[in-house]
file query29.cif (mmCIF, N, CA and C atoms)
data_structure
loop_
_atom_site.label_atom_id
_atom_site.label_comp_id
_atom_site.auth_asym_id
_atom_site.auth_seq_id
_atom_site.Cartn_x
_atom_site.Cartn_y
_atom_site.Cartn_z
N GLY A 29 -6.23 -11.55 5.29
CA GLY A 29 -5.66 -10.26 5.48
C GLY A 29 -5.27 -9.62 4.16
N ASN A 30 -4.76 -8.44 4.26
CA ASN A 30 -4.30 -7.70 3.08
C ASN A 30 -2.86 -8.05 2.76
N PHE A 31 -2.55 -8.04 1.48
CA PHE A 31 -1.18 -8.21 1.01
C PHE A 31 -0.86 -7.01 0.15
N ASP A 32 -0.26 -6.01 0.75
CA ASP A 32 0.05 -4.78 0.03
C ASP A 32 1.38 -4.92 -0.69
N ILE A 33 1.42 -4.45 -1.92
CA ILE A 33 2.63 -4.45 -2.72
C ILE A 33 2.91 -3.00 -3.12
N VAL A 34 4.07 -2.50 -2.74
CA VAL A 34 4.47 -1.15 -3.14
C VAL A 34 4.67 -1.17 -4.65
N GLY A 35 4.01 -0.25 -5.34
CA GLY A 35 4.08 -0.27 -6.79
C GLY A 35 4.35 1.08 -7.40
N ASN A 36 4.58 1.04 -8.70
CA ASN A 36 4.89 2.22 -9.48
C ASN A 36 4.35 1.96 -10.88
N ASN A 37 4.28 3.00 -11.70
CA ASN A 37 3.80 2.79 -13.06
C ASN A 37 4.94 2.51 -14.03
N PHE A 38 6.13 2.23 -13.52
CA PHE A 38 7.27 1.82 -14.35
C PHE A 38 7.78 0.48 -13.85
N PRO A 39 8.30 -0.36 -14.74
CA PRO A 39 8.77 -1.68 -14.31
C PRO A 39 10.14 -1.66 -13.62
N VAL A 40 10.77 -0.51 -13.54
CA VAL A 40 12.08 -0.38 -12.88
C VAL A 40 11.98 0.75 -11.86
N PHE A 41 13.01 0.87 -11.03
CA PHE A 41 13.02 1.94 -10.03
C PHE A 41 14.36 2.66 -10.08
N PHE A 42 14.43 3.81 -9.45
CA PHE A 42 15.61 4.67 -9.50
C PHE A 42 16.84 4.03 -8.86
N ILE A 43 16.64 3.30 -7.78
CA ILE A 43 17.76 2.83 -6.98
C ILE A 43 17.60 1.36 -6.62
N ARG A 44 18.71 0.73 -6.27
CA ARG A 44 18.68 -0.64 -5.77
C ARG A 44 18.94 -0.66 -4.27
N ASP A 45 19.67 0.32 -3.78
CA ASP A 45 20.06 0.40 -2.37
C ASP A 45 19.07 1.29 -1.62
N GLY A 46 18.32 0.71 -0.70
CA GLY A 46 17.33 1.45 0.05
C GLY A 46 17.89 2.63 0.84
N MET A 47 19.17 2.59 1.16
CA MET A 47 19.80 3.69 1.90
C MET A 47 19.86 4.97 1.06
N LYS A 48 19.73 4.83 -0.26
CA LYS A 48 19.77 6.00 -1.14
C LYS A 48 18.39 6.65 -1.31
N PHE A 49 17.36 6.02 -0.73
CA PHE A 49 15.99 6.50 -0.92
C PHE A 49 15.80 7.96 -0.47
N PRO A 50 16.27 8.35 0.72
CA PRO A 50 16.09 9.76 1.12
C PRO A 50 16.75 10.74 0.14
N ASP A 51 17.93 10.40 -0.36
CA ASP A 51 18.60 11.28 -1.33
C ASP A 51 17.78 11.40 -2.61
N MET A 52 17.21 10.28 -3.05
CA MET A 52 16.39 10.30 -4.26
C MET A 52 15.16 11.18 -4.06
N VAL A 53 14.50 11.02 -2.93
CA VAL A 53 13.30 11.81 -2.65
C VAL A 53 13.64 13.30 -2.62
N HIS A 54 14.73 13.66 -1.96
CA HIS A 54 15.12 15.07 -1.88
C HIS A 54 15.47 15.64 -3.25
N ALA A 55 16.06 14.82 -4.10
CA ALA A 55 16.42 15.29 -5.45
C ALA A 55 15.18 15.54 -6.30
N LEU A 56 14.14 14.75 -6.10
CA LEU A 56 12.94 14.86 -6.94
C LEU A 56 11.92 15.87 -6.41
N LYS A 57 12.05 16.25 -5.16
CA LYS A 57 11.11 17.21 -4.58
C LYS A 57 11.56 18.64 -4.85
N PRO A 58 10.63 19.58 -4.78
CA PRO A 58 11.01 20.99 -4.93
C PRO A 58 11.95 21.44 -3.81
N ASN A 59 12.64 22.52 -4.05
CA ASN A 59 13.51 23.13 -3.07
C ASN A 59 12.69 23.42 -1.81
N PRO A 60 13.14 22.98 -0.62
CA PRO A 60 12.33 23.18 0.58
C PRO A 60 12.15 24.65 0.98
N LYS A 61 13.04 25.53 0.52
CA LYS A 61 12.91 26.94 0.86
C LYS A 61 12.03 27.68 -0.15
N SER A 62 12.30 27.49 -1.45
CA SER A 62 11.57 28.23 -2.49
C SER A 62 10.34 27.49 -3.00
N HIS A 63 10.28 26.17 -2.75
CA HIS A 63 9.20 25.30 -3.25
C HIS A 63 9.17 25.26 -4.78
N ILE A 64 10.31 25.50 -5.39
CA ILE A 64 10.44 25.45 -6.85
C ILE A 64 11.27 24.23 -7.23
N GLN A 65 10.79 23.49 -8.23
CA GLN A 65 11.53 22.33 -8.72
C GLN A 65 12.80 22.80 -9.40
N GLU A 66 13.92 22.23 -9.01
CA GLU A 66 15.21 22.62 -9.58
C GLU A 66 15.78 21.45 -10.37
N THR A 67 15.83 21.60 -11.68
CA THR A 67 16.27 20.53 -12.56
C THR A 67 17.67 20.05 -12.21
N TRP A 68 18.54 20.96 -11.81
CA TRP A 68 19.93 20.57 -11.52
C TRP A 68 20.00 19.53 -10.41
N ARG A 69 19.05 19.55 -9.46
CA ARG A 69 19.08 18.57 -8.37
C ARG A 69 18.78 17.18 -8.90
N ILE A 70 17.85 17.09 -9.83
CA ILE A 70 17.50 15.80 -10.43
C ILE A 70 18.68 15.28 -11.24
N VAL A 71 19.23 16.13 -12.09
CA VAL A 71 20.36 15.74 -12.94
C VAL A 71 21.56 15.35 -12.08
N ASP A 72 21.79 16.07 -10.99
CA ASP A 72 22.89 15.75 -10.09
C ASP A 72 22.71 14.35 -9.49
N PHE A 73 21.49 14.04 -9.06
CA PHE A 73 21.24 12.71 -8.50
C PHE A 73 21.50 11.63 -9.54
N PHE A 74 20.95 11.80 -10.74
CA PHE A 74 21.13 10.80 -11.79
C PHE A 74 22.60 10.64 -12.16
N SER A 75 23.34 11.72 -12.17
CA SER A 75 24.76 11.63 -12.55
C SER A 75 25.59 10.90 -11.50
N HIS A 76 25.16 10.92 -10.24
CA HIS A 76 25.90 10.24 -9.18
C HIS A 76 25.38 8.82 -8.91
N HIS A 77 24.28 8.45 -9.55
CA HIS A 77 23.69 7.13 -9.35
C HIS A 77 23.36 6.53 -10.71
N PRO A 78 24.36 5.98 -11.39
CA PRO A 78 24.14 5.50 -12.77
C PRO A 78 23.08 4.41 -12.89
N GLU A 79 22.79 3.67 -11.80
CA GLU A 79 21.75 2.65 -11.89
C GLU A 79 20.37 3.26 -12.13
N SER A 80 20.24 4.57 -11.89
CA SER A 80 18.95 5.24 -12.08
C SER A 80 18.70 5.64 -13.53
N LEU A 81 19.68 5.47 -14.40
CA LEU A 81 19.53 5.87 -15.80
C LEU A 81 18.40 5.11 -16.49
N HIS A 82 18.22 3.83 -16.15
CA HIS A 82 17.14 3.05 -16.75
C HIS A 82 15.78 3.68 -16.45
N MET A 83 15.58 4.09 -15.21
CA MET A 83 14.34 4.76 -14.82
C MET A 83 14.21 6.11 -15.53
N PHE A 84 15.31 6.81 -15.64
CA PHE A 84 15.34 8.10 -16.31
C PHE A 84 14.81 7.98 -17.74
N THR A 85 15.19 6.91 -18.45
CA THR A 85 14.72 6.73 -19.82
C THR A 85 13.21 6.48 -19.86
N PHE A 86 12.67 5.80 -18.85
CA PHE A 86 11.23 5.59 -18.79
C PHE A 86 10.49 6.91 -18.57
N LEU A 87 11.06 7.79 -17.76
CA LEU A 87 10.42 9.07 -17.49
C LEU A 87 10.22 9.88 -18.77
N PHE A 88 11.15 9.75 -19.71
CA PHE A 88 11.08 10.54 -20.93
C PHE A 88 10.60 9.72 -22.13
N ASP A 89 10.09 8.54 -21.88
CA ASP A 89 9.51 7.70 -22.92
C ASP A 89 8.05 8.09 -23.12
N ASP A 90 7.42 7.51 -24.13
CA ASP A 90 6.01 7.80 -24.39
C ASP A 90 5.10 7.42 -23.23
N ILE A 91 5.50 6.47 -22.40
CA ILE A 91 4.65 6.06 -21.27
C ILE A 91 4.90 6.91 -20.03
N GLY A 92 5.71 7.94 -20.14
CA GLY A 92 6.09 8.76 -18.99
C GLY A 92 4.95 9.46 -18.29
N ILE A 93 3.89 9.83 -19.03
CA ILE A 93 2.76 10.53 -18.42
C ILE A 93 1.48 9.74 -18.73
N PRO A 94 1.04 8.89 -17.80
CA PRO A 94 -0.18 8.11 -18.05
C PRO A 94 -1.39 9.01 -18.27
N GLN A 95 -2.29 8.60 -19.17
CA GLN A 95 -3.51 9.38 -19.42
C GLN A 95 -4.37 9.43 -18.17
N ASP A 96 -4.48 8.30 -17.50
CA ASP A 96 -5.27 8.19 -16.27
C ASP A 96 -4.94 6.85 -15.63
N TYR A 97 -5.52 6.56 -14.48
CA TYR A 97 -5.23 5.31 -13.78
C TYR A 97 -5.73 4.09 -14.53
N ARG A 98 -6.84 4.21 -15.23
CA ARG A 98 -7.40 3.06 -15.94
C ARG A 98 -6.52 2.58 -17.08
N HIS A 99 -5.72 3.47 -17.63
CA HIS A 99 -4.87 3.14 -18.78
C HIS A 99 -3.39 3.10 -18.40
N MET A 100 -3.11 2.79 -17.16
CA MET A 100 -1.75 2.80 -16.64
C MET A 100 -1.33 1.41 -16.20
N GLU A 101 -0.15 0.99 -16.63
CA GLU A 101 0.41 -0.27 -16.16
C GLU A 101 0.96 -0.08 -14.75
N GLY A 102 1.09 -1.16 -14.04
CA GLY A 102 1.67 -1.11 -12.71
C GLY A 102 2.70 -2.20 -12.53
N SER A 103 3.68 -1.94 -11.70
CA SER A 103 4.73 -2.92 -11.41
C SER A 103 5.10 -2.81 -9.94
N GLY A 104 5.31 -3.95 -9.33
CA GLY A 104 5.80 -3.95 -7.96
C GLY A 104 7.22 -3.42 -7.93
N VAL A 105 7.53 -2.61 -6.94
CA VAL A 105 8.87 -2.03 -6.83
C VAL A 105 9.87 -3.10 -6.39
N ASN A 106 9.45 -3.97 -5.50
CA ASN A 106 10.36 -4.96 -4.92
C ASN A 106 10.31 -6.29 -5.67
N THR A 107 11.37 -7.05 -5.52
CA THR A 107 11.42 -8.43 -6.00
C THR A 107 11.23 -9.32 -4.78
N TYR A 108 10.37 -10.31 -4.91
CA TYR A 108 10.06 -11.22 -3.81
C TYR A 108 10.65 -12.59 -4.09
N THR A 109 10.87 -13.34 -3.03
CA THR A 109 11.25 -14.73 -3.16
C THR A 109 10.03 -15.55 -2.78
N LEU A 110 9.52 -16.32 -3.73
CA LEU A 110 8.38 -17.19 -3.48
C LEU A 110 8.83 -18.64 -3.62
N ILE A 111 8.15 -19.51 -2.90
CA ILE A 111 8.46 -20.94 -2.94
C ILE A 111 7.33 -21.64 -3.68
N ASN A 112 7.67 -22.41 -4.73
CA ASN A 112 6.64 -23.11 -5.50
C ASN A 112 6.25 -24.42 -4.82
N LYS A 113 5.32 -25.16 -5.43
CA LYS A 113 4.83 -26.41 -4.83
C LYS A 113 5.93 -27.43 -4.61
N ALA A 114 6.95 -27.38 -5.45
CA ALA A 114 8.07 -28.33 -5.33
C ALA A 114 9.08 -27.90 -4.27
N GLY A 115 8.83 -26.77 -3.60
CA GLY A 115 9.74 -26.29 -2.57
C GLY A 115 10.92 -25.51 -3.11
N LYS A 116 10.87 -25.15 -4.39
CA LYS A 116 11.97 -24.42 -5.02
C LYS A 116 11.71 -22.92 -4.96
N ALA A 117 12.73 -22.17 -4.58
CA ALA A 117 12.62 -20.71 -4.50
C ALA A 117 12.74 -20.09 -5.88
N LEU A 118 11.93 -19.06 -6.12
CA LEU A 118 11.99 -18.27 -7.35
C LEU A 118 11.92 -16.80 -6.98
N TYR A 119 12.66 -15.97 -7.71
CA TYR A 119 12.51 -14.53 -7.58
C TYR A 119 11.33 -14.11 -8.43
N VAL A 120 10.48 -13.24 -7.89
CA VAL A 120 9.24 -12.87 -8.57
C VAL A 120 9.05 -11.36 -8.53
N LYS A 121 8.64 -10.80 -9.66
CA LYS A 121 8.18 -9.40 -9.74
C LYS A 121 6.74 -9.44 -10.25
N PHE A 122 5.91 -8.56 -9.71
CA PHE A 122 4.51 -8.48 -10.10
C PHE A 122 4.30 -7.34 -11.09
N HIS A 123 3.46 -7.59 -12.09
CA HIS A 123 3.13 -6.57 -13.10
C HIS A 123 1.63 -6.61 -13.37
N TRP A 124 1.02 -5.43 -13.50
CA TRP A 124 -0.39 -5.31 -13.83
C TRP A 124 -0.53 -4.64 -15.19
N LYS A 125 -1.37 -5.22 -16.03
CA LYS A 125 -1.62 -4.67 -17.36
C LYS A 125 -3.10 -4.33 -17.46
N PRO A 126 -3.45 -3.09 -17.82
CA PRO A 126 -4.87 -2.72 -17.93
C PRO A 126 -5.51 -3.41 -19.13
N THR A 127 -6.70 -3.95 -18.93
CA THR A 127 -7.37 -4.64 -20.04
C THR A 127 -7.86 -3.66 -21.10
N CYS A 128 -7.98 -2.39 -20.75
CA CYS A 128 -8.43 -1.38 -21.72
C CYS A 128 -7.26 -0.77 -22.50
N GLY A 129 -6.04 -1.26 -22.26
CA GLY A 129 -4.88 -0.77 -22.98
C GLY A 129 -4.17 0.35 -22.25
N VAL A 130 -2.98 0.67 -22.72
CA VAL A 130 -2.15 1.72 -22.14
C VAL A 130 -2.29 2.98 -22.99
N LYS A 131 -2.57 4.10 -22.34
CA LYS A 131 -2.65 5.39 -23.03
C LYS A 131 -1.86 6.41 -22.24
N SER A 132 -1.15 7.26 -22.96
CA SER A 132 -0.32 8.28 -22.33
C SER A 132 -0.67 9.65 -22.88
N LEU A 133 -0.20 10.67 -22.19
CA LEU A 133 -0.41 12.05 -22.62
C LEU A 133 0.90 12.65 -23.11
N LEU A 134 0.80 13.51 -24.10
CA LEU A 134 1.93 14.32 -24.49
C LEU A 134 2.11 15.41 -23.45
N GLU A 135 3.29 15.96 -23.36
CA GLU A 135 3.58 16.96 -22.33
C GLU A 135 2.63 18.15 -22.39
N GLU A 136 2.33 18.61 -23.61
CA GLU A 136 1.43 19.76 -23.76
C GLU A 136 0.03 19.44 -23.26
N ASP A 137 -0.46 18.24 -23.60
CA ASP A 137 -1.79 17.83 -23.15
C ASP A 137 -1.83 17.65 -21.64
N ALA A 138 -0.77 17.09 -21.08
CA ALA A 138 -0.71 16.90 -19.63
C ALA A 138 -0.75 18.23 -18.90
N ALA A 139 -0.05 19.23 -19.43
CA ALA A 139 -0.05 20.56 -18.81
C ALA A 139 -1.44 21.18 -18.86
N LYS A 140 -2.12 21.02 -19.99
CA LYS A 140 -3.46 21.59 -20.15
C LYS A 140 -4.47 20.88 -19.23
N ILE A 141 -4.46 19.55 -19.27
CA ILE A 141 -5.42 18.78 -18.48
C ILE A 141 -5.13 18.94 -16.99
N GLY A 142 -3.86 18.83 -16.61
CA GLY A 142 -3.48 18.98 -15.20
C GLY A 142 -3.73 20.38 -14.67
N GLY A 143 -3.60 21.39 -15.55
CA GLY A 143 -3.88 22.77 -15.14
C GLY A 143 -5.36 23.00 -14.89
N ALA A 144 -6.21 22.32 -15.64
CA ALA A 144 -7.65 22.46 -15.48
C ALA A 144 -8.17 21.65 -14.30
N ASN A 145 -7.57 20.48 -14.06
CA ASN A 145 -8.02 19.60 -12.97
C ASN A 145 -6.84 18.73 -12.56
N HIS A 146 -6.16 19.11 -11.48
CA HIS A 146 -4.98 18.35 -11.06
C HIS A 146 -5.33 16.95 -10.57
N SER A 147 -6.60 16.66 -10.37
CA SER A 147 -7.04 15.32 -9.95
C SER A 147 -7.78 14.61 -11.09
N HIS A 148 -7.40 14.92 -12.32
CA HIS A 148 -8.13 14.37 -13.47
C HIS A 148 -8.11 12.84 -13.51
N ALA A 149 -7.02 12.21 -13.11
CA ALA A 149 -6.95 10.75 -13.14
C ALA A 149 -7.91 10.14 -12.11
N THR A 150 -7.97 10.74 -10.94
CA THR A 150 -8.90 10.28 -9.91
C THR A 150 -10.34 10.53 -10.34
N GLN A 151 -10.59 11.68 -10.94
CA GLN A 151 -11.93 12.01 -11.44
C GLN A 151 -12.37 11.02 -12.51
N ASP A 152 -11.47 10.68 -13.42
CA ASP A 152 -11.77 9.71 -14.47
C ASP A 152 -12.11 8.35 -13.87
N LEU A 153 -11.35 7.93 -12.88
CA LEU A 153 -11.60 6.65 -12.23
C LEU A 153 -12.95 6.65 -11.53
N TYR A 154 -13.24 7.71 -10.80
CA TYR A 154 -14.52 7.83 -10.10
C TYR A 154 -15.68 7.82 -11.09
N ASP A 155 -15.58 8.64 -12.13
CA ASP A 155 -16.66 8.73 -13.12
C ASP A 155 -16.88 7.41 -13.85
N SER A 156 -15.81 6.72 -14.16
CA SER A 156 -15.92 5.43 -14.86
C SER A 156 -16.62 4.39 -14.00
N ILE A 157 -16.24 4.33 -12.73
CA ILE A 157 -16.88 3.37 -11.82
C ILE A 157 -18.35 3.74 -11.61
N ALA A 158 -18.64 5.02 -11.44
CA ALA A 158 -20.02 5.47 -11.25
C ALA A 158 -20.89 5.12 -12.46
N ALA A 159 -20.28 5.10 -13.65
CA ALA A 159 -21.02 4.76 -14.87
C ALA A 159 -21.08 3.26 -15.12
N GLY A 160 -20.52 2.47 -14.20
CA GLY A 160 -20.54 1.02 -14.37
C GLY A 160 -19.43 0.49 -15.26
N ASN A 161 -18.50 1.33 -15.63
CA ASN A 161 -17.36 0.94 -16.45
C ASN A 161 -16.18 0.65 -15.52
N TYR A 162 -16.20 -0.54 -14.93
CA TYR A 162 -15.22 -0.87 -13.91
C TYR A 162 -13.85 -1.15 -14.53
N PRO A 163 -12.81 -0.55 -13.98
CA PRO A 163 -11.47 -0.81 -14.50
C PRO A 163 -11.02 -2.22 -14.14
N GLU A 164 -10.16 -2.75 -14.96
CA GLU A 164 -9.69 -4.11 -14.74
C GLU A 164 -8.24 -4.22 -15.20
N TRP A 165 -7.45 -4.92 -14.41
CA TRP A 165 -6.07 -5.18 -14.76
C TRP A 165 -5.82 -6.67 -14.66
N LYS A 166 -4.97 -7.19 -15.50
CA LYS A 166 -4.53 -8.58 -15.39
C LYS A 166 -3.19 -8.58 -14.67
N LEU A 167 -3.05 -9.54 -13.76
CA LEU A 167 -1.82 -9.66 -12.98
C LEU A 167 -0.90 -10.67 -13.64
N PHE A 168 0.34 -10.27 -13.83
CA PHE A 168 1.37 -11.15 -14.39
C PHE A 168 2.52 -11.24 -13.40
N ILE A 169 3.23 -12.36 -13.46
CA ILE A 169 4.44 -12.46 -12.65
C ILE A 169 5.62 -12.73 -13.57
N GLN A 170 6.72 -12.14 -13.22
CA GLN A 170 7.99 -12.35 -13.92
C GLN A 170 8.86 -13.13 -12.95
N THR A 171 9.39 -14.26 -13.39
CA THR A 171 10.17 -15.11 -12.49
C THR A 171 11.61 -15.25 -12.96
N LEU A 172 12.47 -15.51 -12.00
CA LEU A 172 13.87 -15.79 -12.28
C LEU A 172 14.34 -16.85 -11.30
N ASP A 173 14.94 -17.88 -11.83
CA ASP A 173 15.54 -18.91 -10.99
C ASP A 173 16.80 -18.32 -10.36
N PRO A 174 16.94 -18.38 -9.03
CA PRO A 174 18.13 -17.82 -8.38
C PRO A 174 19.44 -18.36 -8.94
N HIS A 175 19.38 -19.54 -9.55
CA HIS A 175 20.57 -20.13 -10.17
C HIS A 175 21.18 -19.19 -11.21
N TYR A 176 20.33 -18.41 -11.89
CA TYR A 176 20.80 -17.52 -12.95
C TYR A 176 21.19 -16.13 -12.45
N GLU A 177 21.10 -15.91 -11.16
CA GLU A 177 21.37 -14.59 -10.60
C GLU A 177 22.77 -14.08 -10.92
N GLU A 178 23.75 -14.93 -10.89
CA GLU A 178 25.13 -14.51 -11.11
C GLU A 178 25.60 -14.68 -12.55
N THR A 179 24.74 -15.18 -13.44
CA THR A 179 25.18 -15.39 -14.83
C THR A 179 24.80 -14.25 -15.72
#

call {"tool": "encode", "arguments": {"input": "query29.cif", "output": "structure tokens"}}
result
Amino acid sequence: GNFDIVGNNFPVFFIRDGMKFPDMVHALKPNPKSHIQETWRIVDFFSHHPESLHMFTFLFDDIGIPQDYRHMEGSGVNTYTLINKAGKALYVKFHWKPTCGVKSLLEEDAAKIGGANHSHATQDLYDSIAAGNYPEWKLFIQTLDPHYEET
């Protein structure tokens, strides 16, 4: 069967408490009446949820705007508990690293490219596969012994 992992292109997420997810989504979406993105809503959410500051720094880092899917890292949003061969539980996070390296866009370039083709990342992926240049990522796991959870 399939084993789907909810992922993101950042190794951290905005919130730890799933009950805050609807508030986060509403803060990041455009105003439902005007359909205009309102910066104050985003800033308001971040100011009331300090755990989201780590994600906020990633948004404004050099990796904030991936060039395309082939040059984008991936990380599982959730932490899993896996049992090793010895029967010991470990906390695990999944991370994908593109073998072709990570490339990002500057804000000006992203506006130009996105304005010309809002599906440029999908187009790049399609064209690369059609040309026989198959994308590849290496899967890594990050582990933590539950013993260290409280230290």

call {"tool": "residues_around", "arguments": {"input": "query29.cif", "residues": "Leu133 (chain A)", "least_positions_apart": "2", "cutoff": "6.5 Å", "atoms": "only N, CA and C atoms", "output": "VMD selection string"}}
result
chain A and resid 90 93 to 95 131 135 to 138

call {"tool": "write_last_selection", "arguments": {"input": "query29.cif", "atoms": "N, CA and C atoms", "output": "compact mmCIF listing (two decimals), in the coordinates of the input"}}
result
# COMPACT_ATOMS: atom_id res chain seq x y z
N ASP A 90 7.42 7.51 -24.13
CA ASP A 90 6.01 7.80 -24.39
C ASP A 90 5.10 7.42 -23.23
N ILE A 93 3.89 9.83 -19.03
CA ILE A 93 2.76 10.53 -18.42
C ILE A 93 1.48 9.74 -18.73
N PRO A 94 1.04 8.89 -17.80
CA PRO A 94 -0.18 8.11 -18.05
C PRO A 94 -1.39 9.01 -18.27
N GLN A 95 -2.29 8.60 -19.17
CA GLN A 95 -3.51 9.38 -19.42
C GLN A 95 -4.37 9.43 -18.17
N LYS A 131 -2.57 4.10 -22.34
CA LYS A 131 -2.65 5.39 -23.03
C LYS A 131 -1.86 6.41 -22.24
N GLU A 135 3.29 15.96 -23.36
CA GLU A 135 3.58 16.96 -22.33
C GLU A 135 2.63 18.15 -22.39
N GLU A 136 2.33 18.61 -23.61
CA GLU A 136 1.43 19.76 -23.76
C GLU A 136 0.03 19.44 -23.26
N ASP A 137 -0.46 18.24 -23.60
CA ASP A 137 -1.79 17.83 -23.15
C ASP A 137 -1.83 17.65 -21.64
N ALA A 138 -0.77 17.09 -21.08
CA ALA A 138 -0.71 16.90 -19.63
C ALA A 138 -0.75 18.23 -18.90

call {"tool": "resolve_selection", "arguments": {"input": "query29.cif", "expression": "the PyMOL selection byres (((chain A and resi 107 and name CA) around 12) and name CA)", "output": "PyMOL selection string"}}
result
chain A and resi 33-35+39-41+44+103-106+108-110+118-123+169-172+174

call {"tool": "residues_around", "arguments": {"input": "query29.cif", "residues": "Ile43 (chain A)", "least_positions_apart": "4", "cutoff": "7 Å", "atoms": "only C-alpha atoms", "output": "ChimeraX atom specification"}}
result
/A:48,79-80

call {"tool": "atom_distance", "arguments": {"input": "query29.cif", "atom1": "CA of His77 (chain A)", "atom2": "atom C of Met52 (chain A)"}}
result
10.8 Å

call {"tool": "atom_distance", "arguments": {"input": "query29.cif", "atom1": "atom N of Ala159 (chain A)", "atom2": "atom N of Trp124 (chain A)"}}
result
23.8 Å

call {"tool": "resolve_selection", "arguments": {"input": "query29.cif", "expression": "the PyMOL selection byres (((chain A and resi 96 and name CA) around 8) and name CA)", "output": "list of chain:residue names"}}
result
A:Pro94, A:Gln95, A:Tyr97, A:Arg98, A:His99, A:Met100, A:Lys131, A:Ser132, A:His148, A:Ala149, A:Thr150, A:Asp152, A:Leu153

call {"tool": "residues_around", "arguments": {"input": "query29.cif", "residues": "Val53 (chain A)", "least_positions_apart": "6", "cutoff": "12 Å", "atoms": "only C-alpha atoms", "output": "list in words"}}
result
Phe42, Ile43, Gly46, Met47, Asn59, Pro60, Arg69, Ile70 and Phe73 of chain A

call {"tool": "axis_aligned_box", "arguments": {"input": "query29.cif", "around": "region 99-103 of chain A", "padding_each_side": "5 Å", "output": "lines of an AutoDock Vina configuration file"}}
result
center_x = -0.3
center_y = 0.3
center_z = -14.4
size_x = 20.8
size_y = 16.4
size_z = 18.8
